[in-house]
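The structure under discussion appears below in the form of structure tokens.
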Amino acid sequence: MRTAEILHLLKLEWQLDRRQKHAWGSMALYVVSTIYVCYQGVRHIFEVPIWNALFWIILLFAAFNALGRSFQRENAGRQLYLYLLASPRSVVLARTIYNGLTMGVLSLVSLAAYALFIGSSPMNEARLDIFLLVVVVGGIGLAFVLTLISALAARAGNGVGLMAILGFPIVLPMLLSVMKASKLALDGLGWDTTGKYVLWLVLIDLITVALAWLLFPYLWRD
Amino acid sequence: MKGWWWKLLAVVLLLYVVVVGLRTPLGPALVHVSIGRIAPGPVSFEATGYNTHFSTDRPQVWLENDGQRWCAAEVNALSEVSFVAQFHVPEGFRANLTSLWASSATDGTVVLREAFYTEGRGDGIAEQLCTAGPDARAGFSFPNRSILNETIRNLFFHVPMWFTMMVLMTIAFWQSLRVLRTGGLDADRMALSAVDVSLLFAALGLLTGSIWARVTWGTWWTSDPKLNGAAVSVLIYAAYLVLRGSVPDPHKRARLAAVYNIFAYVLMMVFIMVLPRLTDSLHPGSGGNPAFNQYDLDSSLRAVFYPAVVGWILLGIWAYTLHSRAARLRSLLDEANDR
């Protein structure tokens, strides 16, 4: 595992995604159409708890959709090729970081679309700096947890269905705390109350990356 | 004795828990009064006790409001568990709620807190010095708490179920680590056995907890961090079984299941340790609720609870060894049939 190797793999991911632009398009379209369906159902939401919960549920499904393909897009031949070239830990770190960045951006895009359609009045009272931080850290956290799960599901050869079953119970604790933290930030509470939740989220993110780093080599070889 | 003394210990401990835990009487308590509010002037009401001895040993009875006592004018025992008390209630009690106390040599001092809503309040009364009996409970008994009452015995069954589940999940975690280190199918079988048995204990914990919650909190299920933790762990291990079911190759299955188990176990443990400290809980010991230890300085509960924990954990481990041995024999049989 070397930094140069990870950077190279990150660049590879980026190039792959740039070559198949429909991947980004499909992610954005998924989020926007989900939000639009919700908009058709409920129009504007003014209650903070409901607004908050719906946002995270939409983001959760967006994450499942976006990361489900993370380990499934390459065929066996290219996987073998990658296996010969790079160490598994570099592969999983690069992919985790890349997915984290993708989800970080995707969560901000989702928030913008969500505020546009469902209404931004619940954000009026919010501590925006903390709220945006929670949204990004939460989105990255979802990506971190789901990357290893996506690898597992791809290995088990049973695509997105299995990923949902394996992923939901593991994501649930994180989702509960992220919802709580963003609710507090929306209520306009400062660092002294929200701080421990944000810290706890960052801690989960770190633990998840450490576990992925430790466990991935066992998934990788066949 | 070699090798099976702990199974004997489990049986002895659980027999002790069942017999002593279910046979020990609750301590005396006042549980009900016939009226809900008192006003200045003559007042008469019937009070109901539980495991008390009012007719063999007629109690001293008094009202207490904001630390000030007022004695009963007359007390007549109707039976062992009920008496009629007459008061000339004075004017000027300070607090909203008045509690009822009764004291005798046999039962010690029992109290029904917040028994009466109080009318005719003022700046306090001319206090009376009502004699309290000795504060000793006769014999070995469990504390009689309002709301909990007889269900306090569930402590010996509900709580150890979760401890046992945790121990078995830890065993499964350890066996999963062995799978990754050695790649053996043996460790995989043992991890699966531990998960199977731990799910059984989780089901028992949910069952005993749900019934207890219905009786004390008035609902089968609430959103409580401990309940969320329980639900998450059950879902995780159910997903573990689904994952195993979807991979046909045994070696690959062992490895994937081990990876998932380790990942899930660590995150679950972090969650269970940290989250109850971040949010309020209805369970004792968190969110401002006193823990059982703070309640029970007489420690009669502890004398049964600790043996119960050890006994249930040993029983769980015993079930796990049996289950994994059966699984090993089944796989040996399969191999023999294949040949």
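Just remember, in the structure tokens the first chain shown is A, the second B, etc., residues are 1-based per chain, and ligands are 1-based in the order shown.
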
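For Gly316 in chain B, the set of protein, DNA and RNA residues having any atom at most 10 Å away, when counting only C-alpha atoms and skipping those fewer than 5 positions along the same chain, is Ala10, Met161, Phe163, Thr164, Met165, Val167, Leu168, Ala194, Val197, Ser198, Leu200, Phe201, Val310, Gly311, Thr321 and Leu322 of chain B.
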
Produce a file of the selected residues containing C-alpha atoms, as a PDB file, in the first residue's frame.
ATOM      1  CA  ALA B  10     -25.218 -23.838  35.380  1.00  0.00           C
ATOM      2  CA  MET B 161     -30.737 -13.029  28.172  1.00  0.00           C
ATOM      3  CA  PHE B 163     -25.748 -10.684  28.536  1.00  0.00           C
ATOM      4  CA  THR B 164     -25.807 -14.243  27.178  1.00  0.00           C
ATOM      5  CA  MET B 165     -26.535 -12.981  23.661  1.00  0.00           C
ATOM      6  CA  VAL B 167     -21.262 -13.388  25.090  1.00  0.00           C
ATOM      7  CA  LEU B 168     -22.365 -15.684  22.255  1.00  0.00           C
ATOM      8  CA  ALA B 194     -22.892 -19.260  18.155  1.00  0.00           C
ATOM      9  CA  VAL B 197     -27.928 -19.779  19.741  1.00  0.00           C
ATOM     10  CA  SER B 198     -27.443 -16.041  20.288  1.00  0.00           C
ATOM     11  CA  LEU B 200     -32.474 -17.745  20.309  1.00  0.00           C
ATOM     12  CA  PHE B 201     -31.441 -15.741  23.379  1.00  0.00           C
ATOM     13  CA  VAL B 310     -23.584 -16.591  35.457  1.00  0.00           C
ATOM     14  CA  GLY B 311     -26.108 -19.422  35.148  1.00  0.00           C
ATOM     15  CA  THR B 321     -21.191 -26.413  22.306  1.00  0.00           C
ATOM     16  CA  LEU B 322     -24.009 -28.919  21.775  1.00  0.00           C
TER      17      LEU B 322
END

- Would you list the contacts of range 3-7 of chain A as number ranges by chain, taking every protein, DNA or RNA residue within 9 Å and counting only C-alpha atoms, but skipping same-chain residues closer than 5 positions in sequence? A: 12, 86-87, 89-91, 93-95

- Select all residues from chain A having any atom no more than 8 Å from an atom of chain B (counting only C-alpha atoms, ignoring ligands), output as a PyMOL selection string. chain A and resi 149+152+155-158+162+165-166+169-170+172-173+197+204+207-208+211-212+215+218-219+222

Could you turn the residues from that selection into a file that holds N, CA and C atoms, as a PDB file, in the first residue's frame?
ATOM      1  N   ILE A 149     -19.742  -3.139   2.148  1.00  0.00           N
ATOM      2  CA  ILE A 149     -20.931  -3.960   1.963  1.00  0.00           C
ATOM      3  C   ILE A 149     -21.135  -4.243   0.467  1.00  0.00           C
ATOM      4  N   LEU A 152     -18.843  -6.920  -0.549  1.00  0.00           N
ATOM      5  CA  LEU A 152     -19.345  -8.209  -0.056  1.00  0.00           C
ATOM      6  C   LEU A 152     -20.451  -8.738  -0.955  1.00  0.00           C
ATOM      7  N   ARG A 155     -19.214  -9.871  -4.243  1.00  0.00           N
ATOM      8  CA  ARG A 155     -18.525 -11.142  -4.096  1.00  0.00           C
ATOM      9  C   ARG A 155     -19.496 -12.302  -3.965  1.00  0.00           C
ATOM     10  N   ALA A 156     -20.579 -12.060  -3.226  1.00  0.00           N
ATOM     11  CA  ALA A 156     -21.577 -13.111  -3.047  1.00  0.00           C
ATOM     12  C   ALA A 156     -22.356 -13.323  -4.334  1.00  0.00           C
ATOM     13  N   GLY A 157     -22.129 -12.465  -5.315  1.00  0.00           N
ATOM     14  CA  GLY A 157     -22.762 -12.626  -6.619  1.00  0.00           C
ATOM     15  C   GLY A 157     -24.252 -12.418  -6.594  1.00  0.00           C
ATOM     16  N   ASN A 158     -24.694 -11.533  -5.708  1.00  0.00           N
ATOM     17  CA  ASN A 158     -26.140 -11.385  -5.565  1.00  0.00           C
ATOM     18  C   ASN A 158     -26.511  -9.924  -5.414  1.00  0.00           C
ATOM     19  N   LEU A 162     -29.108  -8.164  -2.134  1.00  0.00           N
ATOM     20  CA  LEU A 162     -28.353  -8.587  -0.955  1.00  0.00           C
ATOM     21  C   LEU A 162     -27.725  -7.387  -0.264  1.00  0.00           C
ATOM     22  N   ILE A 165     -30.095  -5.860   2.130  1.00  0.00           N
ATOM     23  CA  ILE A 165     -30.297  -6.659   3.341  1.00  0.00           C
ATOM     24  C   ILE A 165     -29.096  -6.539   4.273  1.00  0.00           C
ATOM     25  N   LEU A 166     -27.883  -6.601   3.698  1.00  0.00           N
ATOM     26  CA  LEU A 166     -26.685  -6.521   4.531  1.00  0.00           C
ATOM     27  C   LEU A 166     -26.456  -5.107   5.038  1.00  0.00           C
ATOM     28  N   PRO A 169     -29.180  -2.875   8.337  1.00  0.00           N
ATOM     29  CA  PRO A 169     -28.936  -2.908   9.780  1.00  0.00           C
ATOM     30  C   PRO A 169     -27.630  -2.236  10.192  1.00  0.00           C
ATOM     31  N   ILE A 170     -26.615  -2.277   9.316  1.00  0.00           N
ATOM     32  CA  ILE A 170     -25.337  -1.667   9.697  1.00  0.00           C
ATOM     33  C   ILE A 170     -25.393  -0.156   9.577  1.00  0.00           C
ATOM     34  N   LEU A 172     -28.110   1.623   9.925  1.00  0.00           N
ATOM     35  CA  LEU A 172     -29.151   2.165  10.807  1.00  0.00           C
ATOM     36  C   LEU A 172     -28.607   2.969  11.997  1.00  0.00           C
ATOM     37  N   PRO A 173     -27.632   2.429  12.768  1.00  0.00           N
ATOM     38  CA  PRO A 173     -27.112   3.223  13.881  1.00  0.00           C
ATOM     39  C   PRO A 173     -26.592   4.581  13.438  1.00  0.00           C
ATOM     40  N   TYR A 197     -22.287  14.716  18.660  1.00  0.00           N
ATOM     41  CA  TYR A 197     -22.815  13.881  17.580  1.00  0.00           C
ATOM     42  C   TYR A 197     -21.907  13.914  16.359  1.00  0.00           C
ATOM     43  N   ILE A 204     -17.221   7.055  13.795  1.00  0.00           N
ATOM     44  CA  ILE A 204     -17.746   5.896  13.047  1.00  0.00           C
ATOM     45  C   ILE A 204     -17.091   5.823  11.681  1.00  0.00           C
ATOM     46  N   ILE A 207     -13.615   4.391  12.095  1.00  0.00           N
ATOM     47  CA  ILE A 207     -13.647   2.963  12.419  1.00  0.00           C
ATOM     48  C   ILE A 207     -13.987   2.154  11.170  1.00  0.00           C
ATOM     49  N   THR A 208     -14.961   2.672  10.389  1.00  0.00           N
ATOM     50  CA  THR A 208     -15.379   1.952   9.196  1.00  0.00           C
ATOM     51  C   THR A 208     -14.231   1.815   8.202  1.00  0.00           C
ATOM     52  N   LEU A 211     -11.790  -0.748   9.430  1.00  0.00           N
ATOM     53  CA  LEU A 211     -12.283  -2.116   9.251  1.00  0.00           C
ATOM     54  C   LEU A 211     -12.199  -2.531   7.789  1.00  0.00           C
ATOM     55  N   ALA A 212     -12.569  -1.613   6.883  1.00  0.00           N
ATOM     56  CA  ALA A 212     -12.503  -1.938   5.461  1.00  0.00           C
ATOM     57  C   ALA A 212     -11.061  -2.250   5.066  1.00  0.00           C
ATOM     58  N   LEU A 215     -10.196  -5.750   6.458  1.00  0.00           N
ATOM     59  CA  LEU A 215     -10.957  -6.926   6.038  1.00  0.00           C
ATOM     60  C   LEU A 215     -10.928  -7.166   4.536  1.00  0.00           C
ATOM     61  N   TYR A 218      -9.307 -10.161   2.533  1.00  0.00           N
ATOM     62  CA  TYR A 218      -9.923 -11.486   2.607  1.00  0.00           C
ATOM     63  C   TYR A 218     -11.066 -11.648   1.614  1.00  0.00           C
ATOM     64  N   LEU A 219     -11.651 -10.509   1.214  1.00  0.00           N
ATOM     65  CA  LEU A 219     -12.721 -10.562   0.226  1.00  0.00           C
ATOM     66  C   LEU A 219     -12.151 -10.668  -1.171  1.00  0.00           C
ATOM     67  N   ASP A 222      -9.824 -14.969  -4.398  1.00  0.00           N
ATOM     68  CA  ASP A 222     -10.847 -15.993  -4.569  1.00  0.00           C
ATOM     69  C   ASP A 222     -10.279 -17.396  -4.369  1.00  0.00           C
TER      70      ASP A 222
END

- Message: Would you compute the distance between CA of Ile130 in chain A and CA of Lys183 in chain A? Give it in Å to one decimal.
- Response: 10.6 Å

- Item | Atom pair CA of Gly139 in chain B / CA of Pro25 in chain B: separation (Å) | 9.3 Å

- Note on the structure: Residue with the minimum atom-to-atom distance to Val42 in chain A, picked from A:Ala154, A:Leu54, A:Leu85, A:Val198 with only C-alpha atoms counted, is A:Leu54

- Message: Env of Pro40 in chain B: 10 Å cut, atoms = only C-alpha atoms, seq-sep filter 2 positions within chain, self excluded. Answer as number ranges by chain.
- Response: B: 38, 42-43, 87-93, 118-121

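Distances from A:Leu59, A:Ala185, A:Met103, A:Ala151 to Trp24 in chain A were compared using only C-alpha atoms, and the smallest one belongs to A:Met103.
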
- Message: Please report the interatomic distance between CA of Ile211 in chain B and CA of Thr151 in chain B in Å with one decimal.
- Response: 9.8 Å

- Task: From a DSSP pass on the backbone, collect the residues of range 26-215 of chain A flagged as alpha helix (DSSP H) and hand them back as a count of residues only.
- Result: 160

- Would you kindly return, as a PyMOL selection string, each protein, DNA or RNA residue with an atom no farther than 6 Å from any atom of range 117-122 of chain A, considering only C-alpha atoms and excluding same-chain residues fewer than 6 positions away? chain A and resi 39+44-45+48

Ala53 in chain A surroundings by only C-alpha atoms, 12 Å radius, close-in-sequence under 6 positions cut, as an mmCIF file with N, CA and C atoms, in the first residue's frame:
data_model
loop_
_atom_site.group_PDB
_atom_site.id
_atom_site.type_symbol
_atom_site.label_atom_id
_atom_site.label_comp_id
_atom_site.auth_asym_id
_atom_site.auth_seq_id
_atom_site.Cartn_x
_atom_site.Cartn_y
_atom_site.Cartn_z
ATOM 1 N N ILE A 45 -42.901 20.942 2.828
ATOM 2 C CA ILE A 45 -42.921 20.474 4.214
ATOM 3 C C ILE A 45 -42.383 21.592 5.090
ATOM 4 N N GLU A 47 -42.633 21.244 8.728
ATOM 5 C CA GLU A 47 -42.209 20.698 10.021
ATOM 6 C C GLU A 47 -40.774 20.203 9.915
ATOM 7 N N LEU A 59 -31.599 10.385 0.882
ATOM 8 C CA LEU A 59 -30.153 10.267 0.708
ATOM 9 C C LEU A 59 -29.683 8.828 0.923
ATOM 10 N N LEU A 60 -30.339 8.133 1.861
ATOM 11 C CA LEU A 60 -29.982 6.728 2.113
ATOM 12 C C LEU A 60 -30.191 5.892 0.853
ATOM 13 N N PRO A 122 -37.520 25.078 6.727
ATOM 14 C CA PRO A 122 -36.939 24.488 7.944
ATOM 15 C C PRO A 122 -35.484 24.890 8.172
ATOM 16 N N LEU A 175 -27.396 6.205 10.738
ATOM 17 C CA LEU A 175 -28.480 7.041 10.241
ATOM 18 C C LEU A 175 -29.222 7.703 11.411
ATOM 19 N N LEU A 176 -29.424 6.932 12.498
ATOM 20 C CA LEU A 176 -30.105 7.494 13.668
ATOM 21 C C LEU A 176 -29.327 8.685 14.214
ATOM 22 N N SER A 177 -27.996 8.519 14.332
ATOM 23 C CA SER A 177 -27.242 9.630 14.927
ATOM 24 C C SER A 177 -27.125 10.808 13.970
ATOM 25 N N VAL A 178 -27.046 10.511 12.668
ATOM 26 C CA VAL A 178 -26.923 11.609 11.720
ATOM 27 C C VAL A 178 -28.232 12.401 11.661
ATOM 28 N N MET A 179 -29.364 11.701 11.749
ATOM 29 C CA MET A 179 -30.658 12.384 11.765
ATOM 30 C C MET A 179 -30.770 13.279 12.995
ATOM 31 N N LYS A 180 -30.317 12.722 14.123
ATOM 32 C CA LYS A 180 -30.379 13.482 15.373
ATOM 33 C C LYS A 180 -29.510 14.742 15.274
ATOM 34 N N ALA A 181 -28.282 14.547 14.768
ATOM 35 C CA ALA A 181 -27.357 15.677 14.689
ATOM 36 C C ALA A 181 -27.902 16.757 13.759
ATOM 37 N N SER A 182 -28.438 16.348 12.600
ATOM 38 C CA SER A 182 -28.901 17.367 11.662
ATOM 39 C C SER A 182 -30.179 18.027 12.173
ATOM 40 N N LYS A 183 -30.982 17.278 12.933
ATOM 41 C CA LYS A 183 -32.167 17.872 13.553
ATOM 42 C C LYS A 183 -31.756 18.957 14.547
ATOM 43 N N LEU A 186 -30.573 21.931 12.679
ATOM 44 C CA LEU A 186 -31.707 22.649 12.090
ATOM 45 C C LEU A 186 -32.437 23.470 13.139
#

- Item | Distance criterion (only C-alpha atoms): nearest to Phe64 in chain A out of A:Ala126, A:Leu214, A:Val209, A:Met27 |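 Ranking A:Ala126, A:Leu214, A:Val209, A:Met27 by distance to Phe64 in chain A, first place goes to A:Met27.
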
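When the distance limit is 10 Å and only C-alpha atoms are what count, the residues near Val31 in chain A, minus those fewer than 4 positions from it on the same chain, are Ser26, Met27, Ile35, Tyr36, Val37, Ile58, Leu59, Phe61, Ala62, Ala63, Asn65, Ala66, Leu106, Ser107, Val109, Ser110, Leu111, Ala113 and Tyr114 of chain A.
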
Selection export as a JSON list (two decimals), in the first residue's frame, atoms kept: C-alpha atoms:
[["chain", "number", "residue", "atom", "x", "y", "z"],
["A", 26, "SER", "CA", -27.94, 8.31, -13.39],
["A", 27, "MET", "CA", -27.03, 9.16, -9.77],
["A", 35, "ILE", "CA", -37.31, 14.21, -4.72],
["A", 36, "TYR", "CA", -39.76, 15.14, -7.47],
["A", 37, "VAL", "CA", -41.97, 12.17, -6.65],
["A", 58, "ILE", "CA", -33.91, 9.98, 0.25],
["A", 59, "LEU", "CA", -30.15, 10.27, 0.71],
["A", 61, "PHE", "CA", -31.62, 5.28, -0.97],
["A", 62, "ALA", "CA", -29.50, 7.46, -3.22],
["A", 63, "ALA", "CA", -26.42, 6.06, -1.48],
["A", 65, "ASN", "CA", -28.19, 3.22, -5.65],
["A", 66, "ALA", "CA", -24.92, 5.06, -6.19],
["A", 106, "LEU", "CA", -24.08, 14.02, -4.12],
["A", 107, "SER", "CA", -25.44, 14.89, -0.67],
["A", 109, "VAL", "CA", -26.57, 18.31, -4.73],
["A", 110, "SER", "CA", -29.45, 16.41, -3.15],
["A", 111, "LEU", "CA", -29.80, 19.07, -0.48],
["A", 113, "ALA", "CA", -32.65, 19.91, -5.11],
["A", 114, "TYR", "CA", -34.50, 19.01, -1.92]]

I want to know what sits within 7 Å of range 45-62 of chain B, based on only C-alpha atoms, with residues of the same chain fewer than 2 positions away left out; could you give that as a PDB file with N, CA and C atoms, in the first residue's frame?
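To be explicit, this is the file written out as part-v1.pdb:
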ATOM      1  N   GLY B  27     -41.412  -7.518  49.621  1.00  0.00           N
ATOM      2  CA  GLY B  27     -41.586  -6.833  50.889  1.00  0.00           C
ATOM      3  C   GLY B  27     -42.952  -6.181  50.962  1.00  0.00           C
ATOM      4  N   PRO B  28     -43.398  -5.788  52.179  1.00  0.00           N
ATOM      5  CA  PRO B  28     -44.710  -5.141  52.295  1.00  0.00           C
ATOM      6  C   PRO B  28     -44.711  -3.768  51.617  1.00  0.00           C
ATOM      7  N   ALA B  29     -45.902  -3.363  51.163  1.00  0.00           N
ATOM      8  CA  ALA B  29     -46.026  -2.041  50.538  1.00  0.00           C
ATOM      9  C   ALA B  29     -47.467  -1.579  50.621  1.00  0.00           C
ATOM     10  N   LEU B  30     -47.645  -0.268  50.558  1.00  0.00           N
ATOM     11  CA  LEU B  30     -48.989   0.282  50.392  1.00  0.00           C
ATOM     12  C   LEU B  30     -49.212   0.480  48.901  1.00  0.00           C
ATOM     13  N   VAL B  31     -50.339   0.008  48.373  1.00  0.00           N
ATOM     14  CA  VAL B  31     -50.507   0.102  46.928  1.00  0.00           C
ATOM     15  C   VAL B  31     -51.692   0.962  46.505  1.00  0.00           C
ATOM     16  N   HIS B  32     -52.680   1.204  47.407  1.00  0.00           N
ATOM     17  CA  HIS B  32     -53.882   1.876  46.925  1.00  0.00           C
ATOM     18  C   HIS B  32     -54.592   2.577  48.081  1.00  0.00           C
ATOM     19  N   VAL B  33     -55.182   3.741  47.781  1.00  0.00           N
ATOM     20  CA  VAL B  33     -56.086   4.380  48.753  1.00  0.00           C
ATOM     21  C   VAL B  33     -57.411   4.650  48.046  1.00  0.00           C
ATOM     22  N   SER B  34     -58.509   4.689  48.857  1.00  0.00           N
ATOM     23  CA  SER B  34     -59.834   4.751  48.239  1.00  0.00           C
ATOM     24  C   SER B  34     -60.191   6.155  47.763  1.00  0.00           C
ATOM     25  N   ILE B  35     -59.512   7.212  48.251  1.00  0.00           N
ATOM     26  CA  ILE B  35     -59.808   8.559  47.753  1.00  0.00           C
ATOM     27  C   ILE B  35     -58.547   9.191  47.179  1.00  0.00           C
ATOM     28  N   VAL B  43     -61.555  13.321  57.523  1.00  0.00           N
ATOM     29  CA  VAL B  43     -61.420  12.522  56.304  1.00  0.00           C
ATOM     30  C   VAL B  43     -61.273  11.076  56.715  1.00  0.00           C
ATOM     31  N   GLU B  64     -47.721  12.724  55.278  1.00  0.00           N
ATOM     32  CA  GLU B  64     -46.513  13.539  55.248  1.00  0.00           C
ATOM     33  C   GLU B  64     -46.566  14.455  54.032  1.00  0.00           C
ATOM     34  N   ARG B  69     -45.279  16.006  59.321  1.00  0.00           N
ATOM     35  CA  ARG B  69     -46.129  14.844  59.603  1.00  0.00           C
ATOM     36  C   ARG B  69     -47.429  15.242  60.297  1.00  0.00           C
ATOM     37  N   TRP B  70     -48.480  14.446  60.037  1.00  0.00           N
ATOM     38  CA  TRP B  70     -49.764  14.621  60.716  1.00  0.00           C
ATOM     39  C   TRP B  70     -50.337  13.234  60.990  1.00  0.00           C
ATOM     40  N   CYS B  71     -50.616  12.926  62.266  1.00  0.00           N
ATOM     41  CA  CYS B  71     -50.967  11.547  62.615  1.00  0.00           C
ATOM     42  C   CYS B  71     -52.457  11.273  62.414  1.00  0.00           C
ATOM     43  N   ALA B  72     -52.771   9.992  62.253  1.00  0.00           N
ATOM     44  CA  ALA B  72     -54.162   9.574  62.100  1.00  0.00           C
ATOM     45  C   ALA B  72     -54.858   9.627  63.443  1.00  0.00           C
ATOM     46  N   ALA B  77     -57.931  -1.911  61.473  1.00  0.00           N
ATOM     47  CA  ALA B  77     -57.542  -2.878  60.446  1.00  0.00           C
ATOM     48  C   ALA B  77     -58.761  -3.663  60.017  1.00  0.00           C
ATOM     49  N   LEU B  78     -59.002  -3.748  58.720  1.00  0.00           N
ATOM     50  CA  LEU B  78     -60.102  -4.561  58.198  1.00  0.00           C
ATOM     51  C   LEU B  78     -59.632  -5.982  57.958  1.00  0.00           C
ATOM     52  N   SER B  79     -58.385  -6.105  57.463  1.00  0.00           N
ATOM     53  CA  SER B  79     -57.798  -7.423  57.217  1.00  0.00           C
ATOM     54  C   SER B  79     -56.286  -7.242  57.268  1.00  0.00           C
ATOM     55  N   GLU B  80     -55.549  -8.296  56.890  1.00  0.00           N
ATOM     56  CA  GLU B  80     -54.096  -8.168  56.866  1.00  0.00           C
ATOM     57  C   GLU B  80     -53.637  -7.137  55.845  1.00  0.00           C
ATOM     58  N   VAL B  81     -54.447  -6.939  54.784  1.00  0.00           N
ATOM     59  CA  VAL B  81     -53.988  -6.067  53.701  1.00  0.00           C
ATOM     60  C   VAL B  81     -54.818  -4.805  53.544  1.00  0.00           C
ATOM     61  N   SER B  82     -55.665  -4.473  54.528  1.00  0.00           N
ATOM     62  CA  SER B  82     -56.370  -3.195  54.390  1.00  0.00           C
ATOM     63  C   SER B  82     -56.736  -2.632  55.759  1.00  0.00           C
ATOM     64  N   PHE B  83     -56.779  -1.311  55.836  1.00  0.00           N
ATOM     65  CA  PHE B  83     -57.220  -0.644  57.072  1.00  0.00           C
ATOM     66  C   PHE B  83     -58.002   0.592  56.693  1.00  0.00           C
ATOM     67  N   VAL B  84     -58.819   1.052  57.668  1.00  0.00           N
ATOM     68  CA  VAL B  84     -59.524   2.323  57.498  1.00  0.00           C
ATOM     69  C   VAL B  84     -58.884   3.332  58.434  1.00  0.00           C
ATOM     70  N   ALA B  85     -58.502   4.482  57.892  1.00  0.00           N
ATOM     71  CA  ALA B  85     -57.854   5.504  58.713  1.00  0.00           C
ATOM     72  C   ALA B  85     -58.714   6.758  58.720  1.00  0.00           C
ATOM     73  N   GLN B  86     -58.806   7.389  59.920  1.00  0.00           N
ATOM     74  CA  GLN B  86     -59.536   8.653  60.022  1.00  0.00           C
ATOM     75  C   GLN B  86     -58.570   9.753  60.417  1.00  0.00           C
ATOM     76  N   LEU B 100     -48.825   8.923  52.124  1.00  0.00           N
ATOM     77  CA  LEU B 100     -49.398   8.191  53.246  1.00  0.00           C
ATOM     78  C   LEU B 100     -48.362   7.210  53.763  1.00  0.00           C
ATOM     79  N   TRP B 101     -48.146   7.215  55.087  1.00  0.00           N
ATOM     80  CA  TRP B 101     -47.164   6.329  55.685  1.00  0.00           C
ATOM     81  C   TRP B 101     -47.846   5.423  56.698  1.00  0.00           C
ATOM     82  N   ALA B 102     -47.333   4.190  56.802  1.00  0.00           N
ATOM     83  CA  ALA B 102     -47.802   3.279  57.843  1.00  0.00           C
ATOM     84  C   ALA B 102     -46.593   2.545  58.383  1.00  0.00           C
ATOM     85  N   SER B 103     -46.582   2.340  59.705  1.00  0.00           N
ATOM     86  CA  SER B 103     -45.397   1.731  60.298  1.00  0.00           C
ATOM     87  C   SER B 103     -45.807   0.760  61.391  1.00  0.00           C
ATOM     88  N   SER B 104     -45.215  -0.425  61.353  1.00  0.00           N
ATOM     89  CA  SER B 104     -45.452  -1.376  62.435  1.00  0.00           C
ATOM     90  C   SER B 104     -44.192  -2.208  62.632  1.00  0.00           C
ATOM     91  N   THR B 106     -43.872  -5.424  62.592  1.00  0.00           N
ATOM     92  CA  THR B 106     -43.777  -6.570  61.691  1.00  0.00           C
ATOM     93  C   THR B 106     -43.354  -6.158  60.286  1.00  0.00           C
ATOM     94  N   ASP B 107     -44.004  -5.098  59.767  1.00  0.00           N
ATOM     95  CA  ASP B 107     -43.791  -4.750  58.358  1.00  0.00           C
ATOM     96  C   ASP B 107     -42.736  -3.673  58.159  1.00  0.00           C
ATOM     97  N   CYS B 130     -45.278  11.760  64.944  1.00  0.00           N
ATOM     98  CA  CYS B 130     -45.887  10.446  64.928  1.00  0.00           C
ATOM     99  C   CYS B 130     -44.775   9.405  65.048  1.00  0.00           C
TER     100      CYS B 130
END
